file coords-v9.cif (mmCIF, C-alpha atoms)
data_upload
loop_
_atom_site.group_PDB
_atom_site.id
_atom_site.type_symbol
_atom_site.label_atom_id
_atom_site.label_comp_id
_atom_site.auth_asym_id
_atom_site.auth_seq_id
_atom_site.Cartn_x
_atom_site.Cartn_y
_atom_site.Cartn_z
ATOM 1 C CA MET X 27 50.311 -7.854 -19.210
ATOM 2 C CA ILE X 28 51.550 -5.408 -16.570
ATOM 3 C CA LYS X 29 51.435 -1.888 -17.953
ATOM 4 C CA PRO X 30 54.733 -0.026 -17.448
ATOM 5 C CA GLN X 31 53.020 2.768 -15.476
ATOM 6 C CA TYR X 32 52.085 0.232 -12.784
ATOM 7 C CA CYS X 33 55.674 -0.891 -12.285
ATOM 8 C CA GLU X 34 56.278 2.029 -9.940
ATOM 9 C CA ILE X 35 53.478 1.059 -7.524
ATOM 10 C CA LEU X 36 54.063 -2.676 -7.319
ATOM 11 C CA PRO X 37 57.057 -2.539 -4.941
ATOM 12 C CA HIS X 38 54.835 -1.003 -2.210
ATOM 13 C CA GLU X 39 52.316 -3.815 -2.611
ATOM 14 C CA SER X 40 55.139 -6.370 -2.453
ATOM 15 C CA ILE X 41 56.183 -4.892 0.899
ATOM 16 C CA SER X 42 52.593 -5.036 2.179
ATOM 17 C CA MET X 43 52.371 -8.645 1.053
ATOM 18 C CA ILE X 44 55.605 -9.504 2.887
ATOM 19 C CA LEU X 45 54.326 -7.852 6.084
ATOM 20 C CA ALA X 46 51.075 -9.816 5.834
ATOM 21 C CA HIS X 47 53.009 -13.036 5.237
ATOM 22 C CA GLN X 48 55.297 -12.405 8.221
ATOM 23 C CA ARG X 49 52.352 -11.647 10.514
ATOM 24 C CA ALA X 50 50.506 -14.748 9.269
ATOM 25 C CA LYS X 51 53.584 -16.872 10.021
ATOM 26 C CA GLU X 52 53.947 -15.397 13.528
ATOM 27 C CA LEU X 53 50.296 -16.133 14.279
ATOM 28 C CA SER X 54 50.429 -19.643 12.815
ATOM 29 C CA ASP X 55 53.432 -20.483 15.012
ATOM 30 C CA VAL X 56 51.412 -19.613 18.126
ATOM 31 C CA TYR X 57 48.284 -21.365 16.808
ATOM 32 C CA ASN X 58 50.217 -24.530 15.967
ATOM 33 C CA SER X 59 51.455 -24.764 19.548
ATOM 34 C CA ILE X 60 47.891 -25.196 20.837
ATOM 35 C CA VAL X 61 46.056 -27.288 18.203
ATOM 36 C CA PRO X 62 46.386 -30.917 17.064
ATOM 37 C CA ALA X 63 48.640 -31.730 14.091
ATOM 38 C CA GLN X 64 45.760 -32.157 11.631
ATOM 39 C CA ALA X 65 44.658 -28.558 12.247
ATOM 40 C CA GLN X 66 48.078 -26.931 11.984
ATOM 41 C CA VAL X 67 48.829 -24.392 9.277
ATOM 42 C CA GLN X 68 52.248 -23.507 7.926
ATOM 43 C CA PHE X 69 53.095 -20.718 5.501
ATOM 44 C CA ILE X 70 55.814 -21.310 2.950
ATOM 45 C CA PRO X 71 58.692 -18.824 3.125
ATOM 46 C CA VAL X 72 58.654 -15.763 0.911
ATOM 47 C CA GLN X 73 61.433 -13.330 0.027
ATOM 48 C CA LEU X 74 61.773 -10.101 -1.871
ATOM 49 C CA TYR X 75 63.822 -10.108 -5.051
ATOM 50 C CA LYS X 76 64.744 -7.129 -7.231
ATOM 51 C CA MET X 77 64.406 -8.132 -10.868
ATOM 52 C CA PRO X 78 67.690 -7.742 -12.819
ATOM 53 C CA ARG X 79 65.940 -7.233 -16.178
ATOM 54 C CA ASP X 80 62.539 -6.965 -17.857
ATOM 55 C CA PHE X 81 60.652 -10.230 -18.255
ATOM 56 C CA THR X 82 58.178 -10.839 -21.056
ATOM 57 C CA ASP X 83 55.700 -13.603 -21.780
ATOM 58 C CA SER X 84 55.882 -15.807 -24.888
ATOM 59 C CA ASP X 85 54.036 -13.115 -26.886
ATOM 60 C CA GLY X 86 56.559 -10.430 -25.943
ATOM 61 C CA ASN X 87 54.258 -8.639 -23.475
ATOM 62 C CA LEU X 88 56.041 -7.032 -20.548
ATOM 63 C CA ILE X 89 55.107 -8.880 -17.339
ATOM 64 C CA ILE X 90 57.820 -7.805 -14.877
ATOM 65 C CA CYS X 91 59.852 -4.606 -15.108
ATOM 66 C CA LYS X 92 63.605 -4.368 -14.533
ATOM 67 C CA GLY X 93 64.215 -3.103 -11.006
ATOM 68 C CA GLU X 94 60.760 -4.120 -9.816
ATOM 69 C CA THR X 95 60.658 -5.731 -6.397
ATOM 70 C CA VAL X 96 58.681 -8.961 -6.393
ATOM 71 C CA ALA X 97 57.831 -11.485 -3.715
ATOM 72 C CA LEU X 98 58.944 -15.023 -4.515
ATOM 73 C CA GLU X 99 57.840 -18.277 -2.890
ATOM 74 C CA PRO X 100 58.899 -21.862 -3.529
ATOM 75 C CA LEU X 101 56.539 -23.848 -5.767
ATOM 76 C CA LEU X 102 53.986 -25.883 -3.822
ATOM 77 C CA GLU X 103 53.597 -29.354 -5.228
ATOM 78 C CA GLY X 104 50.420 -31.321 -4.620
ATOM 79 C CA ASN X 105 46.686 -30.777 -4.922
ATOM 80 C CA PHE X 106 46.369 -26.987 -4.657
ATOM 81 C CA GLU X 107 43.109 -25.850 -3.036
ATOM 82 C CA LYS X 108 41.453 -22.532 -2.202
ATOM 83 C CA PHE X 109 40.004 -22.594 1.335
ATOM 84 C CA ASN X 110 38.592 -19.062 1.597
ATOM 85 C CA SER X 111 38.940 -15.517 0.297
ATOM 86 C CA ASN X 112 39.389 -12.073 1.764
ATOM 87 C CA THR X 113 35.829 -11.141 0.703
ATOM 88 C CA GLY X 114 33.994 -13.616 2.929
ATOM 89 C CA TRP X 115 33.730 -16.729 0.761
ATOM 90 C CA THR X 116 34.723 -19.826 2.710
ATOM 91 C CA ARG X 117 34.654 -23.581 2.272
ATOM 92 C CA ASN X 118 32.588 -24.696 5.229
ATOM 93 C CA ASP X 119 33.213 -28.375 4.467
ATOM 94 C CA LEU X 120 36.716 -27.943 5.911
ATOM 95 C CA LYS X 121 36.644 -26.662 9.478
ATOM 96 C CA ASN X 122 40.388 -26.359 10.168
ATOM 97 C CA PRO X 123 41.311 -23.398 7.896
ATOM 98 C CA GLY X 124 38.250 -21.494 9.141
ATOM 99 C CA ALA X 125 39.173 -22.243 12.750
ATOM 100 C CA PHE X 126 42.624 -20.721 12.188
ATOM 101 C CA ILE X 127 41.062 -17.553 10.761
ATOM 102 C CA HIS X 128 38.590 -17.359 13.653
ATOM 103 C CA TRP X 129 41.423 -17.865 16.147
ATOM 104 C CA THR X 130 43.442 -15.006 14.593
ATOM 105 C CA TRP X 131 40.596 -12.619 15.470
ATOM 106 C CA HIS X 132 40.242 -14.087 18.968
ATOM 107 C CA HIS X 133 43.989 -13.816 19.581
ATOM 108 C CA THR X 134 44.527 -10.289 18.190
ATOM 109 C CA LYS X 135 41.114 -8.572 18.372
ATOM 110 C CA GLU X 136 42.276 -6.507 15.388
ATOM 111 C CA LEU X 137 42.724 -8.739 12.335
ATOM 112 C CA ILE X 138 42.095 -12.010 10.556
ATOM 113 C CA VAL X 139 44.520 -13.939 8.374
ATOM 114 C CA CYS X 140 42.470 -15.006 5.358
ATOM 115 C CA ASP X 141 42.544 -15.780 1.642
ATOM 116 C CA LEU X 142 43.991 -19.156 2.569
ATOM 117 C CA GLN X 143 45.137 -21.443 -0.229
ATOM 118 C CA GLY X 144 47.623 -24.234 -0.528
ATOM 119 C CA ILE X 145 47.797 -27.973 0.002
ATOM 120 C CA ARG X 146 46.590 -30.409 2.631
ATOM 121 C CA LEU X 147 49.401 -32.663 3.740
ATOM 122 C CA GLY X 148 47.133 -35.531 4.733
ATOM 123 C CA LEU X 149 44.391 -36.298 7.200
ATOM 124 C CA ASP X 150 46.669 -35.979 10.218
ATOM 125 C CA GLU X 151 49.313 -33.529 9.003
ATOM 126 C CA GLY X 152 47.730 -30.096 8.520
ATOM 127 C CA TYR X 153 48.174 -27.575 5.726
ATOM 128 C CA ILE X 154 50.918 -25.705 3.866
ATOM 129 C CA LEU X 155 49.609 -22.339 2.748
ATOM 130 C CA THR X 156 50.744 -19.575 0.441
ATOM 131 C CA ASP X 157 49.985 -15.926 -0.274
ATOM 132 C CA PRO X 158 47.765 -15.041 2.702
ATOM 133 C CA ALA X 159 45.888 -11.771 3.011
ATOM 134 C CA ILE X 160 45.119 -9.939 6.222
ATOM 135 C CA CYS X 161 41.996 -7.901 6.902
ATOM 136 C CA SER X 162 42.637 -5.512 9.791
ATOM 137 C CA LYS X 163 40.936 -2.733 11.706
ATOM 138 C CA ASN X 164 43.656 -0.265 10.652
ATOM 139 C CA LEU X 165 43.970 -1.269 6.960
ATOM 140 C CA LYS X 166 47.762 -1.599 7.055
ATOM 141 C CA TYR X 167 48.259 -4.711 4.912
ATOM 142 C CA GLY X 168 47.906 -3.375 1.377
ATOM 143 C CA ASN X 169 45.126 -3.418 -1.175
ATOM 144 C CA THR X 170 43.864 -6.889 -0.177
ATOM 145 C CA ASP X 171 43.190 -5.634 3.368
ATOM 146 C CA LEU X 172 39.439 -5.053 3.304
ATOM 147 C CA GLY X 173 39.309 -3.954 6.936
ATOM 148 C CA MET X 174 36.258 -4.581 9.079
ATOM 149 C CA GLU X 175 34.198 -5.179 5.942
ATOM 150 C CA GLY X 176 36.323 -8.243 5.152
ATOM 151 C CA ILE X 177 36.355 -9.374 8.790
ATOM 152 C CA ASN X 178 32.578 -9.098 9.093
ATOM 153 C CA ALA X 179 32.083 -10.875 5.747
ATOM 154 C CA PHE X 180 34.167 -13.814 6.985
ATOM 155 C CA PHE X 181 32.241 -14.167 10.221
ATOM 156 C CA LYS X 182 28.892 -13.946 8.437
ATOM 157 C CA SER X 183 29.785 -16.944 6.254
ATOM 158 C CA HIS X 184 31.922 -18.962 8.715
ATOM 159 C CA ASN X 185 30.373 -22.011 10.376
ATOM 160 C CA CYS X 186 32.215 -22.690 13.612
ATOM 161 C CA GLY X 187 33.640 -26.140 14.247
ATOM 162 C CA PRO X 188 35.022 -27.803 17.373
ATOM 163 C CA LEU X 189 38.238 -25.746 17.364
ATOM 164 C CA CYS X 190 36.189 -22.531 17.525
ATOM 165 C CA LEU X 191 34.561 -23.291 20.877
ATOM 166 C CA GLY X 192 35.116 -20.379 23.237
ATOM 167 C CA LEU X 193 36.628 -18.086 20.590
ATOM 168 C CA ASP X 194 35.481 -14.471 20.460
ATOM 169 C CA LYS X 195 33.862 -12.895 17.412
ATOM 170 C CA PRO X 196 33.844 -9.205 16.499
ATOM 171 C CA ASN X 197 30.904 -7.017 17.461
ATOM 172 C CA PHE X 198 29.110 -6.411 14.186
ATOM 173 C CA THR X 199 28.203 -2.784 13.624
#
call {"tool": "encode", "arguments": {"input": "coords-v9.cif", "output": "structure tokens"}}
result
Amino acid sequence: MIKPQYCEILPHESISMILAHQRAKELSDVYNSIVPAQAQVQFIPVQLYKMPRDFTDSDGNLIICKGETVALEPLLEGNFEKFNSNTGWTRNDLKNPGAFIHWTWHHTKELIVCDLQGIRLGLDEGYILTDPAICSKNLKYGNTDLGMEGINAFFKSHNCGPLCLGLDKPNFT
């Protein structure tokens, strides 16, 4: 249940989430132009929607407040998987999502796109992802942006694969 007092702060987080999603999409477009199809990542589109009324669950608990701004994405159909988190956990059995995250640091020197989840399209077709987080030096992507702590945690657990060759890593302090 979302407590009514939190309804006033959620629109700001929705905006931060949209900014993170837009930046993730921009970076994935560049990344996809330089990697093979099986390593490509796409982010499903997201849009802001102002709720026309309160929404409750089947027990009558308030879950979305009238006037609240929410971020909506199309439903992903398929085998949904979590590939990593914004706290450093990563699936090292799959090298391609980790390579994208590593590349985002190399390309920007200020952030990583992380918390990747979604579906694999097939062995040669890449990934469709949803709800990314960004960890950045300047902490501008909302409450999931863990800054350099999140960036360092990723690189401490990430095992580089072939797509990571020649990519920079942050200087750990």
call {"tool": "closest_residue", "arguments": {"input": "coords-v9.cif", "among": "X:Cys91, X:Val96, X:Ile154, X:Ala125", "to": "X:Cys190", "atoms": "all atoms listed in the file"}}
result
X:Ala125
call {"tool": "residues_around", "arguments": {"input": "coords-v9.cif", "residues": "X:Asp157", "least_positions_apart": "3", "cutoff": "12 Å", "atoms": "only C-alpha atoms", "output": "JSON list (two decimals) with C-alpha atoms, in the frame of the given file"}}
result
[["chain", "number", "residue", "atom", "x", "y", "z"],
["X", 40, "SER", "CA", 55.14, -6.37, -2.45],
["X", 42, "SER", "CA", 52.59, -5.04, 2.18],
["X", 43, "MET", "CA", 52.37, -8.64, 1.05],
["X", 44, "ILE", "CA", 55.60, -9.50, 2.89],
["X", 45, "LEU", "CA", 54.33, -7.85, 6.08],
["X", 46, "ALA", "CA", 51.08, -9.82, 5.83],
["X", 47, "HIS", "CA", 53.01, -13.04, 5.24],
["X", 48, "GLN", "CA", 55.30, -12.40, 8.22],
["X", 49, "ARG", "CA", 52.35, -11.65, 10.51],
["X", 50, "ALA", "CA", 50.51, -14.75, 9.27],
["X", 51, "LYS", "CA", 53.58, -16.87, 10.02],
["X", 68, "GLN", "CA", 52.25, -23.51, 7.93],
["X", 69, "PHE", "CA", 53.10, -20.72, 5.50],
["X", 70, "ILE", "CA", 55.81, -21.31, 2.95],
["X", 71, "PRO", "CA", 58.69, -18.82, 3.12],
["X", 72, "VAL", "CA", 58.65, -15.76, 0.91],
["X", 73, "GLN", "CA", 61.43, -13.33, 0.03],
["X", 97, "ALA", "CA", 57.83, -11.48, -3.72],
["X", 98, "LEU", "CA", 58.94, -15.02, -4.51],
["X", 99, "GLU", "CA", 57.84, -18.28, -2.89],
["X", 100, "PRO", "CA", 58.90, -21.86, -3.53],
["X", 101, "LEU", "CA", 56.54, -23.85, -5.77],
["X", 102, "LEU", "CA", 53.99, -25.88, -3.82],
["X", 108, "LYS", "CA", 41.45, -22.53, -2.20],
["X", 110, "ASN", "CA", 38.59, -19.06, 1.60],
["X", 111, "SER", "CA", 38.94, -15.52, 0.30],
["X", 112, "ASN", "CA", 39.39, -12.07, 1.76],
["X", 139, "VAL", "CA", 44.52, -13.94, 8.37],
["X", 140, "CYS", "CA", 42.47, -15.01, 5.36],
["X", 141, "ASP", "CA", 42.54, -15.78, 1.64],
["X", 142, "LEU", "CA", 43.99, -19.16, 2.57],
["X", 143, "GLN", "CA", 45.14, -21.44, -0.23],
["X", 144, "GLY", "CA", 47.62, -24.23, -0.53],
["X", 154, "ILE", "CA", 50.92, -25.70, 3.87],
["X", 160, "ILE", "CA", 45.12, -9.94, 6.22],
["X", 170, "THR", "CA", 43.86, -6.89, -0.18]]
call {"tool": "closest_residue", "arguments": {"input": "coords-v9.cif", "among": "X:Glu136, X:Asn118, X:Gly192, X:Trp129", "to": "X:Ile60", "atoms": "only C-alpha atoms"}}
result
X:Trp129
call {"tool": "residues_around", "arguments": {"input": "coords-v9.cif", "residues": "X:Cys161", "least_positions_apart": "4", "cutoff": "9 Å", "atoms": "all atoms listed in the file", "output": "compact mmCIF listing (two decimals) with C-alpha atoms, in the coordinates of the input"}}
result
# COMPACT_ATOMS: atom_id res chain seq x y z
CA ASN X 112 39.39 -12.07 1.76
CA GLU X 136 42.28 -6.51 15.39
CA LEU X 137 42.72 -8.74 12.34
CA ILE X 138 42.10 -12.01 10.56
CA VAL X 139 44.52 -13.94 8.37
CA CYS X 140 42.47 -15.01 5.36
CA LEU X 165 43.97 -1.27 6.96
CA LYS X 166 47.76 -1.60 7.06
CA TYR X 167 48.26 -4.71 4.91
CA THR X 170 43.86 -6.89 -0.18
CA ASP X 171 43.19 -5.63 3.37
CA LEU X 172 39.44 -5.05 3.30
CA GLY X 173 39.31 -3.95 6.94
CA MET X 174 36.26 -4.58 9.08
CA GLU X 175 34.20 -5.18 5.94
CA GLY X 176 36.32 -8.24 5.15
CA ILE X 177 36.35 -9.37 8.79
call {"tool": "atom_distance", "arguments": {"input": "coords-v9.cif", "atom1": "atom CA of X:Leu120", "atom2": "atom CA of X:Lys182"}}
result
16.2 Å
call {"tool": "closest_residue", "arguments": {"input": "coords-v9.cif", "among": "X:Phe106, X:Phe81, X:Tyr57, X:Phe180", "to": "X:Ile145", "atoms": "only C-alpha atoms"}}
result
X:Phe106
call {"tool": "atom_distance", "arguments": {"input": "coords-v9.cif", "atom1": "atom CA of X:Lys135", "atom2": "atom CA of X:Asn164"}}
result
11.6 Å
call {"tool": "axis_aligned_box", "arguments": {"input": "coords-v9.cif", "around": "stretch 56-75 of chain X", "padding_each_side": "5 Å", "output": "AutoDock Vina command-line options"}}
result
--center_x 54.2 --center_y -21.1 --center_z 7.9 --size_x 29.2 --size_y 32.1 --size_z 35.9
call {"tool": "atom_distance", "arguments": {"input": "coords-v9.cif", "atom1": "atom CA of X:Asn197", "atom2": "atom CA of X:Asn122"}}
result
22.7 Å
call {"tool": "closest_residue", "arguments": {"input": "coords-v9.cif", "among": "X:Leu88, X:Leu74, X:Ile127, X:Ala65", "to": "X:Glu151", "atoms": "all atoms listed in the file"}}
result
X:Ala65
call {"tool": "resolve_selection", "arguments": {"input": "coords-v9.cif", "expression": "the PyMOL selection byres ((chain X and resi 185) around 9)", "output": "list of chain:residue names"}}
result
X:Asn118, X:Lys121, X:Gly124, X:Phe181, X:Lys182, X:Ser183, X:His184, X:Cys186, X:Gly187
call {"tool": "closest_residue", "arguments": {"input": "coords-v9.cif", "among": "X:Lys195, X:His133, X:Lys92, X:Lys76", "to": "X:Val56", "atoms": "all atoms listed in the file"}}
result
X:His133
call {"tool": "closest_residue", "arguments": {"input": "coords-v9.cif", "among": "X:Asn178, X:Ser59, X:Gln66, X:Ser54", "to": "X:Asp150", "atoms": "all atoms listed in the file"}}
result
X:Gln66
call {"tool": "decode", "arguments": {"input": "coords-v9.cif", "residues": "stretch 163-198 of chain X", "atoms": "N, CA and C atoms", "output": "short mmCIF file (atom, residue, chain, number, x, y, z; two decimals), in the first residue's frame"}}
result
data_model
loop_
_atom_site.label_atom_id
_atom_site.label_comp_id
_atom_site.auth_asym_id
_atom_site.auth_seq_id
_atom_site.Cartn_x
_atom_site.Cartn_y
_atom_site.Cartn_z
N LYS X 163 28.33 10.05 -10.90
CA LYS X 163 29.20 10.82 -10.01
C LYS X 163 28.42 11.94 -9.31
N ASN X 164 27.44 12.54 -10.02
CA ASN X 164 26.76 13.71 -9.46
C ASN X 164 25.39 13.41 -8.85
N LEU X 165 25.03 12.14 -8.74
CA LEU X 165 23.79 11.73 -8.05
C LEU X 165 22.55 12.44 -8.56
N LYS X 166 22.38 12.52 -9.89
CA LYS X 166 21.24 13.27 -10.41
C LYS X 166 20.09 12.41 -10.94
N TYR X 167 20.14 11.09 -10.69
CA TYR X 167 19.11 10.22 -11.24
C TYR X 167 18.20 9.59 -10.18
N GLY X 168 17.88 10.32 -9.15
CA GLY X 168 16.89 9.87 -8.18
C GLY X 168 17.45 8.97 -7.09
N ASN X 169 16.52 8.37 -6.34
CA ASN X 169 16.95 7.62 -5.15
C ASN X 169 17.58 6.27 -5.47
N THR X 170 17.55 5.81 -6.71
CA THR X 170 18.27 4.58 -7.07
C THR X 170 19.69 4.88 -7.53
N ASP X 171 20.04 6.15 -7.66
CA ASP X 171 21.39 6.55 -8.05
C ASP X 171 22.28 6.48 -6.81
N LEU X 172 23.10 5.46 -6.74
CA LEU X 172 23.96 5.24 -5.58
C LEU X 172 25.34 5.85 -5.77
N GLY X 173 25.52 6.64 -6.81
CA GLY X 173 26.77 7.37 -7.01
C GLY X 173 27.97 6.46 -7.20
N MET X 174 29.11 6.96 -6.78
CA MET X 174 30.36 6.20 -6.94
C MET X 174 30.34 4.91 -6.13
N GLU X 175 29.58 4.87 -5.06
CA GLU X 175 29.46 3.63 -4.29
C GLU X 175 28.85 2.52 -5.16
N GLY X 176 27.81 2.84 -5.90
CA GLY X 176 27.20 1.87 -6.80
C GLY X 176 28.11 1.51 -7.97
N ILE X 177 28.79 2.50 -8.51
CA ILE X 177 29.72 2.27 -9.62
C ILE X 177 30.85 1.35 -9.17
N ASN X 178 31.46 1.67 -8.05
CA ASN X 178 32.55 0.83 -7.54
C ASN X 178 32.08 -0.57 -7.21
N ALA X 179 30.87 -0.71 -6.65
CA ALA X 179 30.33 -2.03 -6.33
C ALA X 179 30.17 -2.87 -7.60
N PHE X 180 29.70 -2.24 -8.68
CA PHE X 180 29.57 -2.99 -9.94
C PHE X 180 30.94 -3.49 -10.39
N PHE X 181 31.91 -2.61 -10.45
CA PHE X 181 33.21 -3.01 -10.98
C PHE X 181 33.93 -4.02 -10.09
N LYS X 182 33.63 -4.04 -8.81
CA LYS X 182 34.23 -5.04 -7.93
C LYS X 182 33.66 -6.43 -8.17
N SER X 183 32.42 -6.52 -8.66
CA SER X 183 31.81 -7.83 -8.89
C SER X 183 31.79 -8.24 -10.37
N HIS X 184 32.04 -7.32 -11.28
CA HIS X 184 31.97 -7.58 -12.72
C HIS X 184 33.20 -8.35 -13.20
N ASN X 185 32.94 -9.43 -13.94
CA ASN X 185 34.00 -10.17 -14.61
C ASN X 185 33.96 -9.79 -16.08
N CYS X 186 35.00 -9.14 -16.55
CA CYS X 186 35.03 -8.69 -17.95
C CYS X 186 34.98 -9.87 -18.92
N GLY X 187 34.30 -9.63 -20.04
CA GLY X 187 34.25 -10.59 -21.13
C GLY X 187 34.90 -9.98 -22.37
N PRO X 188 34.78 -10.64 -23.50
CA PRO X 188 35.44 -10.16 -24.72
C PRO X 188 35.05 -8.74 -25.14
N LEU X 189 33.81 -8.34 -24.90
CA LEU X 189 33.38 -7.00 -25.30
C LEU X 189 33.95 -5.90 -24.40
N CYS X 190 34.57 -6.29 -23.30
CA CYS X 190 35.15 -5.30 -22.38
C CYS X 190 36.61 -4.98 -22.68
N LEU X 191 37.22 -5.71 -23.60
CA LEU X 191 38.63 -5.48 -23.89
C LEU X 191 38.88 -4.03 -24.28
N GLY X 192 39.83 -3.41 -23.60
CA GLY X 192 40.18 -2.02 -23.89
C GLY X 192 39.30 -0.98 -23.25
N LEU X 193 38.30 -1.39 -22.48
CA LEU X 193 37.41 -0.41 -21.83
C LEU X 193 38.00 0.05 -20.51
N ASP X 194 37.90 1.34 -20.24
CA ASP X 194 38.38 1.93 -19.00
C ASP X 194 37.50 1.52 -17.83
N LYS X 195 38.11 1.52 -16.64
CA LYS X 195 37.40 1.35 -15.38
C LYS X 195 37.66 2.58 -14.53
N PRO X 196 36.78 2.84 -13.55
CA PRO X 196 37.03 4.00 -12.67
C PRO X 196 38.25 3.75 -11.79
N ASN X 197 38.86 4.83 -11.33
CA ASN X 197 39.91 4.73 -10.32
C ASN X 197 39.24 4.58 -8.98
N PHE X 198 39.46 3.46 -8.33
CA PHE X 198 38.82 3.21 -7.04
C PHE X 198 39.53 4.02 -5.97
#
